[in-house]
Every structure is written in structure tokens, then in C-alpha cells.
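One file, protein.txt, carrying compact mmCIF, C-alpha atoms:
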```
# COMPACT_ATOMS: atom_id res chain seq x y z
CA MET A 1 49.96 59.39 66.38
CA ALA A 2 48.64 58.41 69.81
CA ILE A 3 45.91 60.54 71.35
CA GLY A 4 44.72 60.77 74.94
CA ASN A 5 41.49 59.23 76.19
CA ARG A 6 39.82 62.60 76.78
CA GLN A 7 40.75 63.75 73.30
CA LEU A 8 39.45 60.47 71.88
CA ALA A 9 36.18 61.02 73.74
CA MET A 10 35.85 64.45 72.15
CA TYR A 11 36.35 63.08 68.64
CA VAL A 12 33.85 60.28 69.29
CA ALA A 13 31.38 62.87 70.62
CA ALA A 14 31.95 64.99 67.50
CA ALA A 15 31.35 61.95 65.27
CA LEU A 16 28.14 61.05 67.11
CA LEU A 17 26.87 64.65 66.99
CA SER A 18 27.58 64.83 63.29
CA LEU A 19 25.52 61.64 62.81
CA LEU A 20 22.56 63.52 64.33
CA GLY A 21 23.25 66.37 61.93
CA ILE A 22 23.38 63.98 58.96
CA ALA A 23 20.03 62.43 59.93
CA ASP A 24 18.40 65.86 60.32
CA ALA A 25 19.79 67.28 57.07
CA LEU A 26 19.08 64.07 55.16
CA TYR A 27 15.44 64.14 56.31
CA LEU A 28 15.05 67.71 55.06
CA THR A 29 16.78 66.85 51.78
CA ILE A 30 14.47 63.90 51.15
CA GLU A 31 11.40 65.97 51.98
CA HIS A 32 12.64 68.65 49.59
CA ILE A 33 13.32 66.21 46.77
CA THR A 34 10.02 64.39 47.17
CA GLY A 35 8.10 67.65 47.52
CA GLN A 36 6.60 66.59 50.83
CA SER A 37 5.43 69.16 53.36
CA VAL A 38 7.72 68.99 56.39
CA LYS A 39 5.73 68.55 59.58
CA CYS A 40 6.52 71.08 62.27
CA THR A 41 5.64 69.36 65.53
CA ILE A 42 7.01 71.82 68.11
CA ILE A 43 6.89 75.22 66.44
CA SER A 44 5.24 76.37 63.24
CA GLY A 45 7.06 77.99 60.36
CA CYS A 46 8.80 75.02 58.74
CA SER A 47 6.97 75.40 55.43
CA GLU A 48 7.72 79.13 55.27
CA VAL A 49 11.42 78.60 55.96
CA LEU A 50 11.88 75.51 53.83
CA SER A 51 9.97 76.93 50.88
CA SER A 52 11.77 80.25 51.00
CA ARG A 53 14.26 81.27 48.35
CA TYR A 54 17.07 80.73 50.86
CA ALA A 55 16.35 76.99 51.04
CA VAL A 56 18.04 76.45 47.68
CA ILE A 57 21.44 77.64 46.51
CA ALA A 58 22.12 77.50 42.77
CA GLY A 59 19.50 74.80 42.38
CA VAL A 60 20.94 72.68 45.19
CA PRO A 61 18.85 72.21 48.34
CA LEU A 62 20.63 73.83 51.27
CA ALA A 63 19.78 70.77 53.39
CA SER A 64 21.84 68.53 51.09
CA ILE A 65 24.82 70.87 51.47
CA GLY A 66 24.31 70.59 55.23
CA ALA A 67 24.24 66.79 55.01
CA ALA A 68 27.51 66.87 53.07
CA ALA A 69 29.06 69.19 55.67
CA TYR A 70 28.02 66.94 58.56
CA PHE A 71 29.37 63.92 56.71
CA THR A 72 32.67 65.74 56.28
CA VAL A 73 32.77 66.41 60.02
CA PHE A 74 31.93 62.77 60.74
CA SER A 75 34.75 61.60 58.48
CA LEU A 76 37.28 64.01 59.95
CA ALA A 77 36.28 63.19 63.55
CA THR A 78 36.51 59.46 62.85
CA LEU A 79 39.92 59.81 61.23
CA ALA A 80 41.08 62.08 64.06
CA ALA A 81 39.94 59.48 66.61
CA PHE A 82 42.20 56.99 64.86
CA GLY A 83 45.14 59.35 65.11
CA TYR A 84 45.15 60.98 61.68
CA ARG A 85 46.74 64.33 62.40
CA PHE A 86 45.55 66.11 59.24
CA ALA A 87 41.96 65.28 60.17
CA SER A 88 42.21 66.81 63.63
CA THR A 89 43.80 69.91 62.06
CA LEU A 90 41.01 70.27 59.46
CA LEU A 91 38.17 69.55 61.87
CA THR A 92 38.27 72.89 63.69
CA PRO A 93 38.08 75.23 60.65
CA VAL A 94 35.33 73.13 59.08
CA VAL A 95 33.21 73.26 62.25
CA VAL A 96 33.88 76.98 62.71
CA ALA A 97 32.74 77.59 59.11
CA MET A 98 29.59 75.56 59.74
CA PHE A 99 28.94 77.55 62.90
CA LEU A 100 29.22 80.83 60.98
CA VAL A 101 26.83 79.56 58.30
CA SER A 102 24.42 78.50 61.07
CA LEU A 103 24.54 82.00 62.53
CA TRP A 104 23.69 83.43 59.11
CA LEU A 105 20.79 80.98 58.71
CA ILE A 106 19.41 81.90 62.13
CA TYR A 107 19.66 85.56 61.17
CA LEU A 108 17.68 84.83 57.97
CA GLN A 109 15.00 83.01 59.93
CA ALA A 110 14.73 85.71 62.58
CA PHE A 111 14.94 88.88 60.51
CA VAL A 112 14.27 88.07 56.85
CA ILE A 113 11.81 85.17 56.74
CA ARG A 114 10.53 85.91 60.25
CA GLU A 115 9.68 82.29 60.82
CA PHE A 116 11.60 79.48 62.50
CA CYS A 117 11.97 75.87 61.44
CA GLN A 118 12.57 73.38 64.24
CA TYR A 119 14.78 71.15 62.09
CA CYS A 120 16.96 74.12 61.16
CA LEU A 121 17.20 75.14 64.82
CA PHE A 122 18.09 71.57 65.74
CA SER A 123 20.84 71.61 63.14
CA ALA A 124 22.12 74.91 64.54
CA ALA A 125 22.12 73.42 68.05
CA VAL A 126 24.11 70.41 66.82
CA THR A 127 26.61 72.77 65.19
CA VAL A 128 26.99 74.76 68.41
CA MET A 129 27.60 71.54 70.36
CA LEU A 130 30.09 70.44 67.70
CA LEU A 131 31.92 73.74 68.07
CA VAL A 132 32.13 73.33 71.85
CA VAL A 133 33.37 69.75 71.53
CA VAL A 134 35.93 70.61 68.86
CA LEU A 135 37.24 73.59 70.81
CA ILE A 136 37.65 71.44 73.92
CA GLY A 137 39.43 68.85 71.75
CA LEU A 138 41.71 71.58 70.41
CA ARG A 139 42.55 72.73 73.92
CA LEU A 140 43.34 69.16 75.00
CA ARG A 141 45.51 68.71 71.92
CA ARG A 142 47.54 71.80 72.77
CA ALA A 143 47.86 70.91 76.45
CA MET B 1 43.77 46.81 59.94
CA LYS B 2 43.61 49.74 62.34
CA ARG B 3 44.70 52.08 59.57
CA ILE B 4 41.84 51.18 57.26
CA LEU B 5 39.17 50.75 59.97
CA PRO B 6 38.16 54.48 60.02
CA PHE B 7 37.71 54.42 56.24
CA ILE B 8 35.52 51.33 56.55
CA ILE B 9 33.39 53.11 59.19
CA ILE B 10 33.10 56.22 56.99
CA LEU B 11 32.12 54.16 53.95
CA CYS B 12 29.55 52.24 56.02
CA VAL B 13 27.93 55.49 57.22
CA LEU B 14 27.98 56.87 53.67
CA GLY B 15 26.40 53.68 52.36
CA VAL B 16 23.66 53.71 55.01
CA ALA B 17 22.93 57.41 54.39
CA LEU B 18 22.78 57.10 50.60
CA GLY B 19 20.89 53.80 50.78
CA SER B 20 18.21 55.15 53.10
CA ALA B 21 17.91 58.33 51.02
CA TRP B 22 17.51 56.28 47.84
CA TYR B 23 14.94 53.99 49.50
CA LEU B 24 12.88 56.85 50.95
CA THR B 25 12.82 58.89 47.74
CA ARG B 26 11.50 55.83 45.92
CA THR B 27 8.82 54.92 48.44
CA ILE B 28 7.43 58.31 49.48
CA PRO B 29 4.38 59.11 47.35
CA GLY B 30 4.82 62.15 45.17
CA SER B 31 8.54 61.73 44.81
CA PRO B 32 9.99 62.12 41.33
CA ASN B 33 11.00 58.47 41.31
CA ALA B 34 7.69 57.14 42.54
CA VAL B 35 4.85 56.34 40.15
CA ALA B 36 3.08 59.57 39.20
CA VAL B 37 -0.49 59.78 40.43
CA THR B 38 -2.76 62.02 38.43
CA ASN B 39 -6.18 63.13 39.52
CA PRO B 40 -8.83 61.85 37.12
CA ALA B 41 -11.40 64.47 38.16
CA PRO B 42 -12.99 66.32 35.24
CA GLN B 43 -11.41 69.61 34.24
CA SER B 44 -13.17 72.86 34.59
CA PRO B 45 -13.73 74.45 31.17
CA GLY B 46 -12.38 77.74 32.44
CA SER B 47 -9.50 76.21 34.26
CA PRO B 48 -6.07 77.14 32.99
CA VAL B 49 -4.84 73.60 33.29
CA SER B 50 -7.32 72.54 30.65
CA GLN B 51 -4.81 73.90 28.15
CA ALA B 52 -2.07 71.59 29.36
CA SER B 53 -0.68 68.90 27.18
CA PRO B 54 -2.26 65.57 28.18
CA SER B 55 0.85 63.66 27.17
CA ARG B 56 2.80 64.82 30.19
CA ALA B 57 2.76 62.40 33.08
CA SER B 58 3.16 65.08 35.74
CA VAL B 59 0.23 67.22 34.60
CA LYS B 60 -2.43 67.26 37.30
CA THR B 61 -5.99 68.40 36.74
CA GLY B 62 -7.49 68.60 40.23
CA VAL B 63 -11.01 69.64 41.11
CA PRO B 64 -12.29 73.00 39.84
CA GLY B 65 -11.67 76.02 42.03
CA ALA B 66 -13.84 79.13 42.31
CA GLU B 67 -15.67 79.91 39.07
CA PRO B 68 -15.23 82.22 37.36
CA ALA B 69 -11.60 82.26 38.42
CA ASN B 70 -9.62 85.46 38.93
CA THR B 71 -7.68 85.51 35.68
CA ARG B 72 -5.75 87.93 33.51
CA GLY B 73 -4.78 87.36 29.89
CA PRO B 74 -6.40 85.65 26.90
CA VAL B 75 -8.20 82.32 27.46
CA ASN B 76 -6.18 80.68 24.66
CA ALA B 77 -2.78 82.04 25.72
CA PRO B 78 -0.09 79.38 25.16
CA ALA B 79 1.27 79.79 28.69
CA GLN B 80 -1.33 79.30 31.42
CA LEU B 81 0.02 80.09 34.87
CA GLU B 82 -1.96 79.33 38.01
CA GLU B 83 -0.73 80.64 41.35
CA PHE B 84 -1.93 79.46 44.74
CA GLY B 85 -1.13 82.36 47.02
CA ASP B 86 -1.59 83.72 50.50
CA PHE B 87 -1.63 87.51 50.71
CA GLN B 88 0.26 87.48 54.01
CA CYS B 89 3.02 85.05 53.03
CA PRO B 90 6.32 86.91 52.54
CA PRO B 91 7.55 84.73 49.62
CA CYS B 92 4.21 85.43 47.85
CA GLY B 93 4.89 89.13 48.33
CA VAL B 94 8.31 88.63 46.76
CA PHE B 95 6.83 86.64 43.88
CA HIS B 96 4.15 89.25 43.12
CA PRO B 97 6.42 91.72 41.26
CA VAL B 98 8.08 88.80 39.47
CA LEU B 99 4.73 87.74 38.07
CA GLU B 100 3.87 91.31 37.11
CA GLN B 101 7.18 91.48 35.25
CA MET B 102 6.39 88.22 33.41
CA GLU B 103 2.95 89.52 32.43
CA GLU B 104 4.50 92.67 31.09
CA GLU B 105 7.14 90.76 29.12
CA PHE B 106 4.90 88.08 27.63
CA GLY B 107 1.72 90.12 27.10
CA ASP B 108 -1.08 88.09 25.50
CA LYS B 109 1.03 84.93 25.45
CA LEU B 110 0.51 84.51 29.18
CA ARG B 111 -2.67 84.00 31.16
CA VAL B 112 -2.48 84.22 34.94
CA THR B 113 -4.95 82.77 37.41
CA PHE B 114 -4.79 83.56 41.11
CA ARG B 115 -6.17 81.04 43.59
CA HIS B 116 -6.56 81.65 47.30
CA PHE B 117 -4.70 79.44 49.71
CA PRO B 118 -4.72 81.42 52.96
CA LEU B 119 -2.52 79.76 55.55
CA VAL B 120 -4.74 80.26 58.57
CA PRO B 121 -4.36 80.49 61.52
CA LYS B 122 -0.64 81.05 60.95
CA HIS B 123 -1.31 84.18 58.91
CA GLN B 124 -4.06 85.87 60.87
CA HIS B 125 -4.96 88.43 58.20
CA ALA B 126 -4.67 86.13 55.17
CA LEU B 127 -8.36 85.27 55.12
CA ALA B 128 -9.43 88.89 55.58
CA ALA B 129 -7.10 89.86 52.72
CA ALA B 130 -8.50 87.13 50.47
CA SER B 131 -12.06 88.26 51.33
CA ALA B 132 -11.16 91.89 50.60
CA ALA B 133 -9.75 90.94 47.20
CA GLU B 134 -12.83 88.85 46.41
CA ALA B 135 -15.15 91.67 47.52
CA ALA B 136 -13.27 93.95 45.14
CA GLY B 137 -13.66 91.23 42.51
CA MET B 138 -17.43 91.45 42.96
CA GLN B 139 -17.10 94.97 41.57
CA GLY B 140 -14.66 93.93 38.85
CA LYS B 141 -11.56 95.20 40.63
CA PHE B 142 -9.97 92.04 41.99
CA TRP B 143 -6.58 92.69 40.42
CA GLN B 144 -6.39 96.31 41.58
CA MET B 145 -7.04 95.17 45.15
CA HIS B 146 -4.69 92.20 44.71
CA LYS B 147 -1.91 94.60 43.72
CA LEU B 148 -2.52 97.01 46.58
CA ILE B 149 -2.62 94.23 49.17
CA TYR B 150 0.65 92.71 47.96
CA ASP B 151 2.42 96.01 47.34
CA HIS B 152 1.66 97.11 50.92
CA GLN B 153 2.01 93.71 52.59
CA LYS B 154 4.44 95.05 55.18
CA ASP B 155 2.03 97.84 56.15
CA TRP B 156 -0.75 95.55 57.31
CA ALA B 157 0.85 92.16 58.06
CA GLN B 158 1.81 93.07 61.62
CA VAL B 159 -1.19 95.16 62.69
CA PHE B 160 -3.87 93.88 65.07
CA ASP B 161 -6.80 94.47 62.70
CA ALA B 162 -6.06 94.80 59.00
CA ARG B 163 -9.68 95.21 57.86
CA PRO B 164 -9.75 99.04 58.09
CA ILE B 165 -6.60 99.12 55.95
CA PHE B 166 -8.22 96.92 53.31
CA GLU B 167 -11.28 99.17 53.43
CA GLY B 168 -8.95 102.09 52.78
CA TYR B 169 -7.65 100.29 49.71
CA ALA B 170 -11.25 99.71 48.62
CA LYS B 171 -11.87 103.46 48.77
CA GLN B 172 -8.60 104.10 46.98
CA ILE B 173 -9.61 101.99 43.97
CA GLY B 174 -13.06 103.55 43.89
CA LEU B 175 -15.24 100.71 45.13
CA ASP B 176 -18.80 101.20 46.30
CA ILE B 177 -17.95 100.90 49.99
CA GLU B 178 -21.41 99.94 51.17
CA ARG B 179 -21.50 97.09 48.71
CA TYR B 180 -17.91 96.13 49.60
CA LYS B 181 -18.91 95.89 53.29
CA ARG B 182 -21.90 93.72 52.42
CA ASP B 183 -19.98 91.46 50.08
CA ILE B 184 -16.90 90.90 52.22
CA GLY B 185 -18.70 88.68 54.70
CA SER B 186 -21.00 87.03 52.21
CA GLU B 187 -21.39 83.30 51.85
CA ALA B 188 -20.55 83.58 48.15
CA ILE B 189 -17.07 84.89 48.92
CA VAL B 190 -16.44 82.33 51.65
CA GLN B 191 -17.45 79.61 49.21
CA ARG B 192 -15.12 80.93 46.50
CA ILE B 193 -12.17 80.85 48.89
CA ILE B 194 -13.13 77.34 50.05
CA ASN B 195 -13.42 76.18 46.43
CA ASP B 196 -9.93 77.47 45.68
CA GLY B 197 -8.72 75.66 48.80
CA LYS B 198 -10.34 72.42 47.62
CA ARG B 199 -8.61 72.76 44.28
CA ALA B 200 -5.30 73.39 46.04
CA HIS B 201 -5.83 70.30 48.17
CA SER B 202 -6.67 68.15 45.16
CA LEU B 203 -3.46 69.27 43.48
CA GLY B 204 -1.37 68.51 46.55
CA VAL B 205 -0.55 72.14 47.30
CA SER B 206 0.93 72.44 50.77
CA GLY B 207 2.60 75.84 50.80
CA THR B 208 2.60 79.19 49.09
CA PRO B 209 3.35 80.38 46.56
CA THR B 210 2.72 77.21 44.55
CA VAL B 211 2.69 77.81 40.83
CA PHE B 212 1.54 75.59 38.00
CA LEU B 213 2.52 76.34 34.44
CA ASN B 214 0.28 74.57 31.93
CA GLY B 215 -0.66 72.16 34.68
CA GLN B 216 2.87 71.31 35.73
CA GLU B 217 4.08 72.44 39.13
CA VAL B 218 6.97 74.87 38.93
CA PRO B 219 9.60 74.12 41.61
CA PHE B 220 9.97 76.93 44.11
CA GLU B 221 13.57 77.54 43.10
CA SER B 222 12.40 78.20 39.53
CA LEU B 223 10.19 81.12 40.53
CA ALA B 224 13.08 83.55 40.16
CA PRO B 225 12.45 85.76 37.09
CA GLU B 226 15.34 84.43 35.03
CA LYS B 227 14.23 80.82 35.49
CA LEU B 228 10.49 81.41 35.21
CA ARG B 229 11.06 83.38 32.01
CA VAL B 230 12.80 80.38 30.43
CA LEU B 231 9.99 78.03 31.45
CA ILE B 232 7.33 80.32 30.00
CA GLN B 233 9.34 80.73 26.79
CA LYS B 234 9.53 76.94 26.47
CA GLU B 235 5.77 76.58 26.87
CA ILE B 236 5.14 79.28 24.28
CA ALA B 237 7.65 77.69 21.89
CA SER B 238 6.16 74.21 22.29
CA ALA B 239 2.65 75.56 21.70
CA GLY B 240 3.85 77.16 18.45
CA LYS B 241 5.06 73.88 16.98
```
Can the structure from this file be put into C-alpha cells for me?
Amino acid sequence: MAIGNRQLAMYVAAALLSLLGIADALYLTIEHITGQSVKCTIISGCSEVLSSRYAVIAGVPLASIGAAAYFTVFSLATLAAFGYRFASTLLTPVVVAMFLVSLWLIYLQAFVIREFCQYCLFSAAVTVMLLVVVLIGLRLRRA
Amino acid sequence: MKRILPFIIILCVLGVALGSAWYLTRTIPGSPNAVAVTNPAPQSPGSPVSQASPSRASVKTGVPGAEPANTRGPVNAPAQLEEFGDFQCPPCGVFHPVLEQMEEEFGDKLRVTFRHFPLVPKHQHALAAASAAEAAGMQGKFWQMHKLIYDHQKDWAQVFDARPIFEGYAKQIGLDIERYKRDIGSEAIVQRIINDGKRAHSLGVSGTPTVFLNGQEVPFESLAPEKLRVLIQKEIASAGK
């Protein structure tokens, strides 16, 4: 299936953004696995957030789940850029789900843990940008 | 070719991600895959980790903390748990009732040691809370104060000056207030907190709560009661063999 240049640009942007998300989540996963203390360089609170009980789900570090989610988005965006229709269809719900999870994680940081982690906020920002890009791509697809 | 190109790109990114993760987990010191580094410093006779099995590679000894340590339970209990805590850290407040529950369940099979690791200046009242608990300890009521401070963490964590609240707790548990006021700023108490901090540093503690069970660090995710219970049971069972 052929796609327009603007739509292609959106998928490429989504793929590049998801690479940033992968790097961020992978860093946190490695720090978690190795037991290193994550260095908060802009704001404090990383250790409180990343050592909280919400940082692990059923024994799996949340950051690794995030890395897997970003990799899924990267794969779908790449396939969509090459004209795979199923990928462009799946991309939107996956990103919307990630956005909702990000909202929940920000709520936990703000009201439950009462500390913020810059890497988690960066990940949330990437997800918001992904949502914007994907929604623009969806609009272009329908136009 | 164009049909398989996206899959090649995806596999390349996956390979780079997994490869770099594998490389970094092997090279970062302290990782499970890296060579374990144990501290050869002599053990403190009263230290709970002195009960740990020396055959385990991940058992760390560290330098001694404050002596005598704030402990509860028999010296020869098969499960020796050492917590590095900050009275103002919310996860420590969550862990406090879990530990009380474990002590109740395991009775004289479990010995608990509390070490101070106040995260200052992030937690502005953590040091004052540690000093208050130590001042109570000078009158033999460390654990009563420890309980009150944790149980009411939300009451004092956000106030401007928590010291009057701690003094209120001191009155509540029947301390000699004049002595409490003298002790709380004493060099002896400052030194005890510093000694606990040195021990924490030597063991690689970077956050709170950090818990060691018979000298082995318990992962944070295992501090939930159902998981911690299993770990303690294993230690007790292995000591009985």
C-alpha cells in the first residue's frame, strides 16, 4: 500500500521517538538489574520512585515492560512506513494504551510516592509526543 | 527486498538493544553477572551478618555500624535481618508494619537490627527523627520511639519543624524529657548515626529501605510480606539442617 510523504514522515518520527523511549527504558532496566543507584541530574527523587513498590510488577521491572512497549511501537511504525496496513492500524491503540499507562504513572509519582523521576518524566514526554504524531498520522490516513 | 527491509531494520535495532544491555549488565560493577566483590573488613561480633553462611558469594560483611546496634530478638536467631531505613522515606513507612508482622510470626527465630540511613537533605526531618529515636534508645526505648515515628510518619513529614512532635512522642513513652533534650544533640548520637551510615556505605546501600537477610541483600520487590516470609522460612529451614 502506498503512503503519502507526510504520513511517511509521521511514521519515521514515531520510530525515532520510540528509539528515544527504548534508550531511556533500557537504561532504567539495566540500572535496576545491576542494582545501581540511578543518578538524578535535574531533579531529585529518582531513587524514591525507582525503588518504590510500583517499579516492579509481578517481579518484572516496569522499565523493561516500557522498553518492550517502545520496541513494539518502533516495529509497528517501521512496518507502517513501509506500507504494512495492519501495523498502521495497530499503532494508534498501542500508543493510546501507553499514554494511559503514562498518565497513571505520573499520578503515582505526584500523589502516591510524592517524588518525581526525571527518566520517568522523559518517558512520559516521549509518549505524549508519540501520541501527537500518531494522531496526526491517523488524520492524514483518513484524509 | 523492500518487503523484508523493515524486518531487517527491526531485527538490527533489537540486536543492538539486547547486545548493549547484555554488555552493560556484564561490565557494570555490582551486577549479578559481574564478579562478586565482598568486603574483607572484619565483622563486628554483635553484627547480625556475622551469622551469615560464609559459603555464599553474595554475602557482604561491611564495616561495623553503631555499637551496640538497635536490635530485637535473640542473638542466635537463625534469621538475622538488618534494615537500613530512613524515618521519613514513604516506602520505609510501608515496610514498617510488614516487619512487625514478620517479627510476630517468627518470634524468636528472627532477630531484627535497625540501622540509620537518613537521606538528607532530601528528607529534612530524617536526621531529627533518627536522633529522636537514638535519644529514646539512650533510655532503653528505641523501639517504642521507632514505632511511634513510623506509625505517625504522615503527621510530621510535611511540617516545618518536627522536633516538638518527636518530643511529644518522648513524653508519650515516658522518657525523662530533660535527659532526652540533652541526649538528642549529643556527639554520641551523631556518631552512632554516622557509624550506621558508614556501614551502609561499605555495604553499597544507596536507598531505603535496604534489607539484608543473613548478610544477603533482599531485592526491594521481595519486601512484600508474602515474599519476605518465604525468604525468612528458607533461612530458618537451612539453619535447622
Write out as a PDB file with C-alpha atoms, in the frame of the given file which residues come within 10 Å of range 3-17 of chain B when counting only C-alpha atoms, dropping same-chain ones fewer than 4 positions away.
```pdb
ATOM      1  CA  LEU A  19      25.520  61.640  62.810  1.00  0.00           C
ATOM      2  CA  ILE A  22      23.380  63.980  58.960  1.00  0.00           C
ATOM      3  CA  ALA A  23      20.030  62.430  59.930  1.00  0.00           C
ATOM      4  CA  LEU A  26      19.080  64.070  55.160  1.00  0.00           C
ATOM      5  CA  ALA A  67      24.240  66.790  55.010  1.00  0.00           C
ATOM      6  CA  PHE A  71      29.370  63.920  56.710  1.00  0.00           C
ATOM      7  CA  THR A  72      32.670  65.740  56.280  1.00  0.00           C
ATOM      8  CA  PHE A  74      31.930  62.770  60.740  1.00  0.00           C
ATOM      9  CA  SER A  75      34.750  61.600  58.480  1.00  0.00           C
ATOM     10  CA  LEU A  76      37.280  64.010  59.950  1.00  0.00           C
ATOM     11  CA  ALA A  77      36.280  63.190  63.550  1.00  0.00           C
ATOM     12  CA  THR A  78      36.510  59.460  62.850  1.00  0.00           C
ATOM     13  CA  LEU A  79      39.920  59.810  61.230  1.00  0.00           C
ATOM     14  CA  ALA A  80      41.080  62.080  64.060  1.00  0.00           C
ATOM     15  CA  ALA A  81      39.940  59.480  66.610  1.00  0.00           C
ATOM     16  CA  PHE A  82      42.200  56.990  64.860  1.00  0.00           C
ATOM     17  CA  GLY A  83      45.140  59.350  65.110  1.00  0.00           C
ATOM     18  CA  TYR A  84      45.150  60.980  61.680  1.00  0.00           C
TER      19      TYR A  84
ATOM     20  CA  ALA B  21      17.910  58.330  51.020  1.00  0.00           C
ATOM     21  CA  TRP B  22      17.510  56.280  47.840  1.00  0.00           C
ATOM     22  CA  TYR B  23      14.940  53.990  49.500  1.00  0.00           C
TER      23      TYR B  23
END
```
Please, which residues in chain B fall within 10 Å of chain A when counting all atoms listed in the file, and what is the closest atom pair and distance in Å to one decimal for each, ordered by chain then residue number, as JSON lines?
```
{"residue": "B:Lys2", "atom": "CA", "partner": "A:Phe82", "partner_atom": "CA", "distance": 7.8}
{"residue": "B:Arg3", "atom": "CA", "partner": "A:Phe82", "partner_atom": "CA", "distance": 7.6}
{"residue": "B:Ile4", "atom": "CA", "partner": "A:Phe82", "partner_atom": "CA", "distance": 9.6}
{"residue": "B:Leu5", "atom": "CA", "partner": "A:Phe82", "partner_atom": "CA", "distance": 8.5}
{"residue": "B:Pro6", "atom": "CA", "partner": "A:Leu79", "partner_atom": "CA", "distance": 5.7}
{"residue": "B:Phe7", "atom": "CA", "partner": "A:Leu79", "partner_atom": "CA", "distance": 7.7}
{"residue": "B:Ile9", "atom": "CA", "partner": "A:Thr78", "partner_atom": "CA", "distance": 8.0}
{"residue": "B:Ile10", "atom": "CA", "partner": "A:Ser75", "partner_atom": "CA", "distance": 5.8}
{"residue": "B:Leu11", "atom": "CA", "partner": "A:Ser75", "partner_atom": "CA", "distance": 9.1}
{"residue": "B:Val13", "atom": "CA", "partner": "A:Phe71", "partner_atom": "CA", "distance": 8.6}
{"residue": "B:Leu14", "atom": "CA", "partner": "A:Phe71", "partner_atom": "CA", "distance": 7.8}
{"residue": "B:Ala17", "atom": "CA", "partner": "A:Leu26", "partner_atom": "CA", "distance": 7.7}
{"residue": "B:Leu18", "atom": "CA", "partner": "A:Leu26", "partner_atom": "CA", "distance": 9.1}
{"residue": "B:Ser20", "atom": "CA", "partner": "A:Leu26", "partner_atom": "CA", "distance": 9.2}
{"residue": "B:Ala21", "atom": "CA", "partner": "A:Ile30", "partner_atom": "CA", "distance": 6.5}
{"residue": "B:Trp22", "atom": "CA", "partner": "A:Ile30", "partner_atom": "CA", "distance": 8.8}
{"residue": "B:Leu24", "atom": "CA", "partner": "A:Ile30", "partner_atom": "CA", "distance": 7.2}
{"residue": "B:Thr25", "atom": "CA", "partner": "A:Thr34", "partner_atom": "CA", "distance": 6.2}
{"residue": "B:Arg26", "atom": "CA", "partner": "A:Thr34", "partner_atom": "CA", "distance": 8.8}
{"residue": "B:Thr27", "atom": "CA", "partner": "A:Thr34", "partner_atom": "CA", "distance": 9.6}
{"residue": "B:Ile28", "atom": "CA", "partner": "A:Thr34", "partner_atom": "CA", "distance": 7.0}
{"residue": "B:Pro29", "atom": "CA", "partner": "A:Thr34", "partner_atom": "CA", "distance": 7.7}
{"residue": "B:Gly30", "atom": "CA", "partner": "A:Thr34", "partner_atom": "CA", "distance": 6.0}
{"residue": "B:Ser31", "atom": "CA", "partner": "A:Thr34", "partner_atom": "CA", "distance": 3.9}
{"residue": "B:Pro32", "atom": "CA", "partner": "A:Thr34", "partner_atom": "CA", "distance": 6.3}
{"residue": "B:Asn33", "atom": "CA", "partner": "A:Thr34", "partner_atom": "CA", "distance": 8.4}
{"residue": "B:Ala34", "atom": "CA", "partner": "A:Thr34", "partner_atom": "CA", "distance": 8.9}
{"residue": "B:Cys89", "atom": "CA", "partner": "A:Glu48", "partner_atom": "CA", "distance": 7.9}
{"residue": "B:Pro90", "atom": "CA", "partner": "A:Ile113", "partner_atom": "CA", "distance": 7.1}
{"residue": "B:Pro91", "atom": "CA", "partner": "A:Ser52", "partner_atom": "CA", "distance": 6.3}
{"residue": "B:Cys92", "atom": "CA", "partner": "A:Ser52", "partner_atom": "CA", "distance": 9.7}
{"residue": "B:Val94", "atom": "CA", "partner": "A:Arg53", "partner_atom": "CA", "distance": 9.6}
{"residue": "B:Lys122", "atom": "CA", "partner": "A:Ser44", "partner_atom": "CA", "distance": 7.9}
{"residue": "B:Gly204", "atom": "CA", "partner": "A:Gln36", "partner_atom": "CA", "distance": 9.2}
{"residue": "B:Val205", "atom": "CA", "partner": "A:Ser37", "partner_atom": "CA", "distance": 9.0}
{"residue": "B:Ser206", "atom": "CA", "partner": "A:Ser37", "partner_atom": "CA", "distance": 6.1}
{"residue": "B:Gly207", "atom": "CA", "partner": "A:Ser47", "partner_atom": "CA", "distance": 6.4}
{"residue": "B:Thr208", "atom": "CA", "partner": "A:Ser51", "partner_atom": "CA", "distance": 7.9}
{"residue": "B:Pro209", "atom": "CA", "partner": "A:Ser51", "partner_atom": "CA", "distance": 8.6}
{"residue": "B:Thr210", "atom": "CA", "partner": "A:Ser51", "partner_atom": "CA", "distance": 9.6}
{"residue": "B:Pro219", "atom": "CA", "partner": "A:Gly35", "partner_atom": "CA", "distance": 8.9}
{"residue": "B:Phe220", "atom": "CA", "partner": "A:Ser51", "partner_atom": "CA", "distance": 6.8}
{"residue": "B:Glu221", "atom": "CA", "partner": "A:Arg53", "partner_atom": "CA", "distance": 6.5}
{"residue": "B:Ser222", "atom": "CA", "partner": "A:Gly59", "partner_atom": "CA", "distance": 8.4}
{"residue": "B:Leu223", "atom": "CA", "partner": "A:Arg53", "partner_atom": "CA", "distance": 8.8}
{"residue": "B:Ala224", "atom": "CA", "partner": "A:Arg53", "partner_atom": "CA", "distance": 8.6}
```
Worksheet item: What does the distance between CA of Ala188 in chain B and CA of Ala170 in chain B come to in Å, to one decimal place?
Response: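 Between CA of Ala188 in chain B and CA of Ala170 in chain B the gap is 18.6 Å.
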Determine, counting only C-alpha atoms, which protein, DNA and RNA residues have an atom within 6 Å of an atom of Gly21 in chain A; residues of the same chain fewer than 3 positions away are not included. Present the result as a PDB file with C-alpha atoms, in the frame of the given file.
```
ATOM      1  CA  SER A  18      27.580  64.830  63.290  1.00  0.00           C
ATOM      2  CA  ASP A  24      18.400  65.860  60.320  1.00  0.00           C
ATOM      3  CA  TYR A  70      28.020  66.940  58.560  1.00  0.00           C
ATOM      4  CA  SER A 123      20.840  71.610  63.140  1.00  0.00           C
TER       5      SER A 123
END
```
Worksheet entry | Minimum-distance residue to Leu203 in chain B, chosen among B:Leu127, B:Lys141, B:Glu217, B:Gln101 (using only C-alpha atoms) |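 Smallest distance to Leu203 in chain B is found for B:Glu217.
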Practice prompt. Skip Thr127 in chain A itself and residues of its chain fewer than 2 positions away, then list as number ranges by chain all residues within 12 Å of it, counting all atoms listed in the file.
Written response: A: 14-22, 24-25, 66, 69-70, 73, 92, 94-103, 105, 120-125, 129-134
Practice prompt. Find the distance between CA of Gly140 in chain B and CA of Lys154 in chain B and write it in Å to one decimal.
Written response: 25.2 Å
